[in-house]
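Shown next, in structure tokens, is the structure this report addresses.
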Amino acid sequence: MKTSLIKQRLFLILISVMIGGCTATTRDISPDDAKHYDASYDFSDKKKIIDALVNPLLAQSFPASEQKPVLIVYGVANRTSEHIDTSGITDEIRRKLINSGKFSFINETQRGNIGQEMAHQYSDATDPKTRVEYARQVGAQYILSGTLRSIEKKQPRQWRLTKKTLMYYSLNLEMTDIKTGLIAWSDAVELARESSVPIIGW
Amino acid sequence: MSEYRFTYRLVLLSGLLIWIAGCTSVPLREARTAFYSHQFQKAEVSLSKPEEFSNRDKLLLFMEKGLILHHVGKYEDSVKEFLNASYLIKKQDVISVSQQAASLVTTEWITEYKGEYSERLWVHSYLMMNYLLLNKYEDALVEAKQALRLMEQYPIALSDDYFTRALIALCYEILGENNDAYIEYKKLNEAIPDDTAIAEKLYRLAVKLGFHDDAKRYKGFVSKEKLQDAAAELILFAGIGNAPKKIAGNIIIPPTIRISFPQYQYQEPDMAEITVSESSQNLLPMMVVRTSVDNVCRASLSHRASKIMIKEAARAAVKETLARAVESRNHELVGALFRAVLFITEEPDTRSWETLPASLYLLRFPLVPGTHSLNITISRQDGRQIENIALPVITLSPGQKGFHSIRVTD
């Protein structure tokens with residue numbers, strides 16, 4: 001009788017643990033906290049990369065004639081072995097640089113829409129007094145571009161219970177002077193991480 | 001344990017064995033039949049409810065659906081399926097103790113299908129093709145790098161996949177990564193029996209990279225017509241024929257021990273001559289690369305043959321122990337029946353990606369910039385079977401590469 005009661009209780013504990021383990025949960029985490037599930041690129045890396053690149057750029061001095069250099073973003077080329085949306089990196093860099101008040105940016109993605117809007121304003125539908133003048137758009141002085149690269153190394157095949165992966169990322173960002181074609185500024189940030197996953201699971 | 005409970009469990013196990021052995025998801029079978037009957041919409045619909053598939057066949061669902069969607073030109077949708085497949089393959093790296101233990105007393109069909117090394121590679125090949133067809137070159141290069149990693153991991157099993165190697169090189173080339181492209185073309189040139197197949201590409205890249213000695217060497221293999229600069233290019237992916245099928249191989253140890261293993265059914269090599277013409281004038285291809293899917297499948301399977309045989313032997317031992325235990329506890333007839341069930345259900349895992357073609361071709365044709373109306377003629381079985389395909393009209397600007405994918409089934 002006593003043994004049967006212990007068995008029942010053990011069974012109930014086991015079921016409770018299993019149900020507890022299977023419950024779906026959600027919780028808010030701070031974007032400032034580094035959180036990695038594996039060695040691959042994630043939002044914590046993006047934040048680290050941006051902070052490491054924006055601060056040196058803000059400290060960079062430009063010729064006096066260029067009090068507020070005008071930049072155009074030509075994107076960060078993804079040369080990693082993962083599908084990474086690098087526009088997230090450039091959008092954030094642009095936002096930080098604009099907010100610093102030291103740089104102006106051409107909105108290259110809106111060029112088509114600007115052209116469309118101008119065409120509409122110069123149609124018969126718009127009051128001529130309210131039209132925006134032609135040929136007043138600002139020309140960019142610098143191109144901001146970069147390349148994100150990665151090197152992945154997996155642990156060689158051998159008897160083991162976990163598999164280790166070593167990931168290395170580097171983002172190179174540069175500003176090219178459109179007038180001279182010279183690289184006016186360049187910097188790079190590197191990240192390296194090792195992760196380990198079990199080979200055997202339930 | 002009472003006699004009754006033991007027999008009850010025995011019946012349950014036997015039932016489970018019979019149900020699992022040789023059981024492929026019905027929608028998968030329907031989709032494959034519809035695909036090979038050219039009812040592509042029906043094939044797509046058959047695979048539209050992922051919840052109908054057990055986890056055991058999820059990878060097959062993604063691969064078959066991805067290929068069907070690629071064939072009907074829904075490249076974005078095809079990408080989603082193949083990315084699901086790629087993600088699942090990475091997840092399946094972890095060996096499941098429960099599945100392996102269950103398969104030791106039942107059959108390999110109880111485990112999740114993980115795909116042959118070749119099939120895992122072709123997930124990336126189809127992703128590369130899809131991305132190139134969608135002009136998403138950076139994403140194609142990401143897949144190229146993942147394919148390259150697999151080729152480095154299983155060099156013996158995958159060395160004859162010239163098509164994927166050519167695709168990888170193309171992905172590097174198209175993004176101006178000439179050094180990497182050159183390395184991949186060189187590896188392809190070393191693997192391919194024909195010295196002239198890649199020579200033109202190697203010659204041009206060697207010139208660009210300043211490798212003058214190499215350029216001089218490769219120039220000797222290039223015909224005069226091919227040395228003319230191509231202002232634009234048509235790149236054609238062609239899948240010809242039907243994929244090889246896995247069948248059961250058996251070793252019987254009398255009286256009742258059966259060791260079974262999967263093997264590919266022999267099929268005649270599917271050699272095809274693919275010509276592209278414009279106004280009845282045949283175009284001269286700059287490059288023709290072919291992979292025999294059959295050869296690479298066989299190489300992949302034989303690469304893991306020792307693992308299969310070790311597991312089969314272990315399963316035979318476990319089943320024999322079980323059978324003896326049943327015989328000692330039950331009536332002779334029950335024991336004999338149980339042995340019969342174990343014998344019949346010892347089915348090898350013959351699951352495979354069945355909508356693949358028998359051959360994969362990559363052909364590159366130089367074109368003058370402008371609008372082109374092109375026709376493709378595919379001659380098979382020494383000209384006894386000829387198919388004509390009219391390509392949609394394409395307009396290419398100087399330096400542009402136009403991509404197209406075709407598939408011809410038996």
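Simple scheme: letters A, B, ... for chains in structure tokens order, numbers from 1 for residues in each chain, numbers from 1 for ligands in the order shown.
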### Task
Identify, on the basis of only C-alpha atoms, every residue whose closest approach to Ser96 (chain B) does not exceed 8 Å; exclude the query and any residue fewer than 3 positions from it along the same chain; express the result as an NGL selection string.
(:A and (200-202)) or (:B and (99-100))
Generate a file of the selected residues that holds N, CA and C atoms, formatted as an mmCIF file, in the first residue's frame.
```cif
data_model
loop_
_atom_site.group_PDB
_atom_site.id
_atom_site.type_symbol
_atom_site.label_atom_id
_atom_site.label_comp_id
_atom_site.auth_asym_id
_atom_site.auth_seq_id
_atom_site.Cartn_x
_atom_site.Cartn_y
_atom_site.Cartn_z
ATOM 1 N N ILE A 200 24.306 14.646 -28.463
ATOM 2 C CA ILE A 200 23.219 13.711 -28.153
ATOM 3 C C ILE A 200 22.098 14.436 -27.418
ATOM 4 N N GLY A 201 20.875 14.176 -27.858
ATOM 5 C CA GLY A 201 19.714 14.776 -27.199
ATOM 6 C C GLY A 201 18.649 13.724 -26.984
ATOM 7 N N TRP A 202 17.568 14.108 -26.337
ATOM 8 C CA TRP A 202 16.501 13.148 -26.057
ATOM 9 C C TRP A 202 15.737 12.837 -27.342
ATOM 10 N N GLN B 99 14.835 8.167 -30.434
ATOM 11 C CA GLN B 99 14.584 7.647 -31.791
ATOM 12 C C GLN B 99 15.511 6.478 -32.118
ATOM 13 N N GLN B 100 16.769 6.633 -31.732
ATOM 14 C CA GLN B 100 17.729 5.572 -32.037
ATOM 15 C C GLN B 100 17.396 4.290 -31.279
#
```
#### Entry: Within 8 Å of chain B: residues of chain A, using only C-alpha atoms, as a ChimeraX atom specification
/A:77-83,198-202
### Secondary structure check, helix (DSSP H, G or I) residues of region 63-183 of chain A, as a PyMOL selection string
chain A and resi 87-100+108-121+128-130
### Message
Excluding region 245-253 of chain B and its own-chain neighbours fewer than 6 positions away, which residues fall within 10 Å of it when counting only C-alpha atoms? Please give them as a ChimeraX atom specification.
### Response
/B:259-267,294,297-298,301,343,346-355
Using only C-alpha atoms, determine which residues lie at most 10 Å from region 33-42 of chain B, disregarding the query and same-chain residues fewer than 5 positions distant; provide the list as a PDB file with C-alpha atoms, in the first residue's frame.
```
ATOM      1  CA  PRO B  27       0.392  13.182 -49.413  1.00  0.00           C
ATOM      2  CA  LEU B  28       4.067  12.690 -50.334  1.00  0.00           C
ATOM      3  CA  LEU B  47       1.856  19.174 -49.852  1.00  0.00           C
ATOM      4  CA  SER B  48      -0.035  22.250 -48.686  1.00  0.00           C
ATOM      5  CA  GLU B  64       9.819  17.847 -52.463  1.00  0.00           C
ATOM      6  CA  ILE B  68       7.947  21.455 -57.165  1.00  0.00           C
ATOM      7  CA  LEU B  69       7.626  25.191 -56.465  1.00  0.00           C
ATOM      8  CA  HIS B  71       9.729  23.889 -61.219  1.00  0.00           C
ATOM      9  CA  VAL B  72       6.552  25.994 -61.525  1.00  0.00           C
ATOM     10  CA  ASN B 242      13.784  11.169 -62.983  1.00  0.00           C
ATOM     11  CA  GLU B 354      12.162  11.489 -55.403  1.00  0.00           C
ATOM     12  CA  THR B 355      11.387  14.553 -57.519  1.00  0.00           C
ATOM     13  CA  VAL B 408      12.235  17.537 -68.390  1.00  0.00           C
ATOM     14  CA  THR B 409      10.880  14.330 -66.841  1.00  0.00           C
ATOM     15  CA  ASP B 410      10.608  10.829 -68.315  1.00  0.00           C
TER      16      ASP B 410
END
```
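Shell of Ile406 (chain B) at 10 Å, with only C-alpha atoms counted and residues fewer than 4 places along the chain excluded, is His70, His71, Val72, Gly73, Leu236, Phe237, Ala238, Gly239, Ile240, Tyr361, Ile376, Ile389 and Leu391 of chain B.
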### Query
Looking only at the backbone, which of the residues in region 50-195 of chain A does DSSP tag as strand (DSSP E or B), as a PyMOL selection string?
chain A and resi 70-79+104-105+142-154+162-177+183-195
Same residues, C-alpha atoms, output as a JSON list (two decimals), in the first residue's frame:
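Written out: out.json:
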```
[["chain", "number", "residue", "atom", "x", "y", "z"],
["A", 70, "VAL", "CA", 26.61, 65.05, -46.72],
["A", 71, "LEU", "CA", 26.64, 61.27, -46.97],
["A", 72, "ILE", "CA", 24.86, 58.66, -49.03],
["A", 73, "VAL", "CA", 24.63, 55.07, -47.86],
["A", 74, "TYR", "CA", 25.51, 52.39, -50.40],
["A", 75, "GLY", "CA", 24.99, 49.56, -47.96],
["A", 76, "VAL", "CA", 27.02, 46.87, -46.28],
["A", 77, "ALA", "CA", 27.76, 43.87, -48.49],
["A", 78, "ASN", "CA", 27.07, 40.55, -46.82],
["A", 79, "ARG", "CA", 29.98, 38.17, -47.42],
["A", 104, "SER", "CA", 23.51, 64.98, -43.23],
["A", 105, "PHE", "CA", 22.22, 62.06, -45.29],
["A", 142, "TYR", "CA", 30.74, 60.95, -49.37],
["A", 143, "ILE", "CA", 29.63, 57.37, -49.93],
["A", 144, "LEU", "CA", 29.28, 55.26, -46.80],
["A", 145, "SER", "CA", 29.76, 51.57, -47.55],
["A", 146, "GLY", "CA", 31.14, 48.44, -45.95],
["A", 147, "THR", "CA", 31.55, 44.67, -45.95],
["A", 148, "LEU", "CA", 30.55, 42.16, -43.32],
["A", 149, "ARG", "CA", 32.65, 38.99, -43.40],
["A", 150, "SER", "CA", 32.71, 35.83, -41.34],
["A", 151, "ILE", "CA", 34.92, 32.83, -40.79],
["A", 152, "GLU", "CA", 33.43, 29.71, -39.25],
["A", 153, "LYS", "CA", 35.46, 26.86, -37.83],
["A", 154, "LYS", "CA", 33.90, 23.66, -36.59],
["A", 162, "THR", "CA", 29.56, 18.31, -27.60],
["A", 163, "LYS", "CA", 30.38, 20.02, -30.84],
["A", 164, "LYS", "CA", 32.15, 23.36, -30.74],
["A", 165, "THR", "CA", 31.90, 26.11, -33.33],
["A", 166, "LEU", "CA", 34.11, 29.15, -33.56],
["A", 167, "MET", "CA", 32.65, 32.18, -35.32],
["A", 168, "TYR", "CA", 34.54, 35.28, -36.31],
["A", 169, "TYR", "CA", 32.86, 38.36, -37.79],
["A", 170, "SER", "CA", 34.43, 41.53, -39.07],
["A", 171, "LEU", "CA", 32.67, 44.61, -40.37],
["A", 172, "ASN", "CA", 34.67, 47.09, -42.35],
["A", 173, "LEU", "CA", 33.06, 50.50, -42.86],
["A", 174, "GLU", "CA", 34.46, 53.23, -45.08],
["A", 175, "MET", "CA", 33.67, 56.71, -46.36],
["A", 176, "THR", "CA", 34.68, 57.47, -49.92],
["A", 177, "ASP", "CA", 35.10, 61.05, -51.09],
["A", 183, "ILE", "CA", 38.86, 56.79, -48.93],
["A", 184, "ALA", "CA", 38.41, 59.57, -46.38],
["A", 185, "TRP", "CA", 37.81, 57.33, -43.39],
["A", 186, "SER", "CA", 37.82, 53.64, -42.66],
["A", 187, "ASP", "CA", 37.42, 51.53, -39.55],
["A", 188, "ALA", "CA", 36.68, 47.92, -38.67],
["A", 189, "VAL", "CA", 35.18, 46.01, -35.79],
["A", 190, "GLU", "CA", 35.74, 42.36, -34.98],
["A", 191, "LEU", "CA", 33.74, 39.81, -33.00],
["A", 192, "ALA", "CA", 34.69, 36.26, -32.14],
["A", 193, "ARG", "CA", 32.61, 33.69, -30.28],
["A", 194, "GLU", "CA", 32.76, 30.02, -29.43],
["A", 195, "SER", "CA", 29.62, 27.98, -28.94]]
```
### Message
I want to know what sits within 7 Å of region 273-283 of chain B, based on only C-alpha atoms, with residues of the same chain fewer than 6 positions away left out; could you give that as a PyMOL selection string?
### Response
chain B and resi 365+373-380
Filtering to N, CA and C atoms, could you give me those residues as a PDB file, in the first residue's frame?
```pdb
ATOM      1  N   PHE B 365      25.668  30.480 -72.225  1.00  0.00           N
ATOM      2  CA  PHE B 365      25.717  30.897 -73.631  1.00  0.00           C
ATOM      3  C   PHE B 365      25.984  32.397 -73.721  1.00  0.00           C
ATOM      4  N   SER B 373      14.826  35.846 -78.616  1.00  0.00           N
ATOM      5  CA  SER B 373      13.761  34.852 -78.589  1.00  0.00           C
ATOM      6  C   SER B 373      14.434  33.498 -78.820  1.00  0.00           C
ATOM      7  N   LEU B 374      14.559  32.735 -77.760  1.00  0.00           N
ATOM      8  CA  LEU B 374      15.386  31.518 -77.839  1.00  0.00           C
ATOM      9  C   LEU B 374      14.560  30.239 -77.713  1.00  0.00           C
ATOM     10  N   ASN B 375      15.049  29.200 -78.364  1.00  0.00           N
ATOM     11  CA  ASN B 375      14.408  27.882 -78.289  1.00  0.00           C
ATOM     12  C   ASN B 375      15.414  26.859 -77.777  1.00  0.00           C
ATOM     13  N   ILE B 376      14.898  25.949 -76.949  1.00  0.00           N
ATOM     14  CA  ILE B 376      15.779  24.899 -76.420  1.00  0.00           C
ATOM     15  C   ILE B 376      15.310  23.565 -76.984  1.00  0.00           C
ATOM     16  N   THR B 377      16.275  22.769 -77.461  1.00  0.00           N
ATOM     17  CA  THR B 377      15.959  21.413 -77.926  1.00  0.00           C
ATOM     18  C   THR B 377      16.729  20.427 -77.063  1.00  0.00           C
ATOM     19  N   ILE B 378      15.993  19.488 -76.500  1.00  0.00           N
ATOM     20  CA  ILE B 378      16.636  18.469 -75.658  1.00  0.00           C
ATOM     21  C   ILE B 378      16.465  17.127 -76.341  1.00  0.00           C
ATOM     22  N   SER B 379      17.597  16.556 -76.721  1.00  0.00           N
ATOM     23  CA  SER B 379      17.580  15.267 -77.418  1.00  0.00           C
ATOM     24  C   SER B 379      18.096  14.199 -76.457  1.00  0.00           C
ATOM     25  N   ARG B 380      17.247  13.179 -76.221  1.00  0.00           N
ATOM     26  CA  ARG B 380      17.620  12.120 -75.271  1.00  0.00           C
ATOM     27  C   ARG B 380      17.566  10.753 -75.936  1.00  0.00           C
TER      28      ARG B 380
END
```
### Task
To one decimal in Å, tell me the separation between CA of Gly370 (chain B) and CA of Asn113 (chain A).
28.8 Å
### Query
Please, what distance in Å, to one decimal, runs between CA of Ser397 (chain B) and CA of Tyr131 (chain B)?
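According to the coordinates, CA of Ser397 (chain B) and CA of Tyr131 (chain B) are separated by 19.9 Å.
Pairwise distance (CA of Gly88 (chain A), CA of Leu170 (chain B)) equals 27.4 Å.
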